[in-house]
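Structure first, then comments.
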Amino acid sequence: MAMLSDIAAVRSEMMRALSETIAALWRWLLALFWRLWRRFSERKYLLRFRSGSSSRRRRDWVKNLWLIMGGVMLIVGQLSWIVGLALLTVFLSFMILDEGR
């Protein structure tokens, strides 16, 4: 009986250590995300992007493409199809937003 209580104690200690590790990783990821968000949301960074009507139209196309493909992904619900559609959508988004002519 003492052996089972020792095993339970070791298991609870391992679970506590794992939860602390996950919490520390989560805090680190949130801090990283916050730093990146602050860096990229600065006005001078946002001014690098084009703000013309053709650029806005292309961004609207991409937004609508993602909304439609996201709906299709939700309807299909199979992981292989979702990954394939996501890769196709990323490729089409890059193709539409490409500014090199």
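FYI, nothing fancy with the structure tokens labels: chains A, B, ... in order, residues from 1 per chain, ligands from 1 as they appear.
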Might you pull out every residue within 12 Å of Val90 (chain A), with only C-alpha atoms counted and same-chain residues fewer than 4 positions away left off, and present them as a short mmCIF file (atom, residue, chain, number, x, y, z; two decimals) with N, CA, C and O atoms, in the first residue's frame?
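Wrote it out as result14.cif, contents follow:
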data_model
loop_
_atom_site.label_atom_id
_atom_site.label_comp_id
_atom_site.auth_asym_id
_atom_site.auth_seq_id
_atom_site.Cartn_x
_atom_site.Cartn_y
_atom_site.Cartn_z
N VAL A 62 -8.50 39.19 -50.97
CA VAL A 62 -7.87 38.19 -50.12
C VAL A 62 -8.73 37.92 -48.88
O VAL A 62 -8.89 36.77 -48.46
N LYS A 63 -9.28 38.97 -48.30
CA LYS A 63 -10.14 38.79 -47.13
C LYS A 63 -11.34 37.93 -47.48
O LYS A 63 -11.68 36.98 -46.76
N LEU A 65 -11.57 35.82 -49.97
CA LEU A 65 -11.07 34.48 -50.28
C LEU A 65 -10.89 33.67 -49.00
O LEU A 65 -11.33 32.51 -48.92
N TRP A 66 -10.30 34.28 -47.96
CA TRP A 66 -10.10 33.57 -46.70
C TRP A 66 -11.43 33.25 -46.02
O TRP A 66 -11.59 32.19 -45.43
N MET A 69 -12.97 30.31 -48.08
CA MET A 69 -12.23 29.07 -47.85
C MET A 69 -12.36 28.60 -46.41
O MET A 69 -12.40 27.40 -46.14
N GLY A 70 -12.42 29.53 -45.46
CA GLY A 70 -12.64 29.15 -44.07
C GLY A 70 -13.99 28.48 -43.88
O GLY A 70 -14.12 27.49 -43.15
N VAL A 83 -5.91 21.21 -44.43
CA VAL A 83 -4.50 21.59 -44.67
C VAL A 83 -4.29 21.92 -46.14
O VAL A 83 -3.64 22.92 -46.47
N GLY A 84 -4.84 21.13 -47.03
CA GLY A 84 -4.71 21.40 -48.46
C GLY A 84 -5.33 22.72 -48.86
O GLY A 84 -4.74 23.51 -49.61
N LEU A 85 -6.54 22.98 -48.37
CA LEU A 85 -7.20 24.25 -48.69
C LEU A 85 -6.46 25.43 -48.08
O LEU A 85 -6.38 26.50 -48.69
N ALA A 86 -5.92 25.26 -46.87
CA ALA A 86 -5.16 26.35 -46.25
C ALA A 86 -3.91 26.67 -47.06
O ALA A 86 -3.60 27.85 -47.29
N PHE A 94 -0.79 35.10 -51.51
CA PHE A 94 0.49 35.67 -51.90
C PHE A 94 0.49 36.07 -53.37
O PHE A 94 1.06 37.10 -53.74
N MET A 95 -0.15 35.27 -54.20
CA MET A 95 -0.20 35.59 -55.62
C MET A 95 -0.99 36.87 -55.86
O MET A 95 -0.59 37.71 -56.67
N ILE A 96 -2.09 37.03 -55.17
CA ILE A 96 -2.92 38.22 -55.35
C ILE A 96 -2.24 39.46 -54.81
O ILE A 96 -2.25 40.54 -55.43
N LEU A 97 -1.60 39.34 -53.65
CA LEU A 97 -0.99 40.51 -52.99
C LEU A 97 0.41 40.82 -53.50
O LEU A 97 1.00 41.82 -53.07
N ASP A 98 0.96 40.02 -54.38
CA ASP A 98 2.30 40.24 -54.88
C ASP A 98 2.36 41.58 -55.61
O ASP A 98 1.57 41.86 -56.50
#
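Pairwise distance (CA of Ser54 (chain A), CA of Thr89 (chain A)) equals 20.1 Å.
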Between CA of Arg56 (chain A) and CA of Ile68 (chain A), distance in Å (one decimal):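 Result for CA of Arg56 (chain A) versus CA of Ile68 (chain A): 18.3 Å, one decimal.
Here CA of Ile75 (chain A) stands at a distance of 22.6 Å from CA of Asp60 (chain A).
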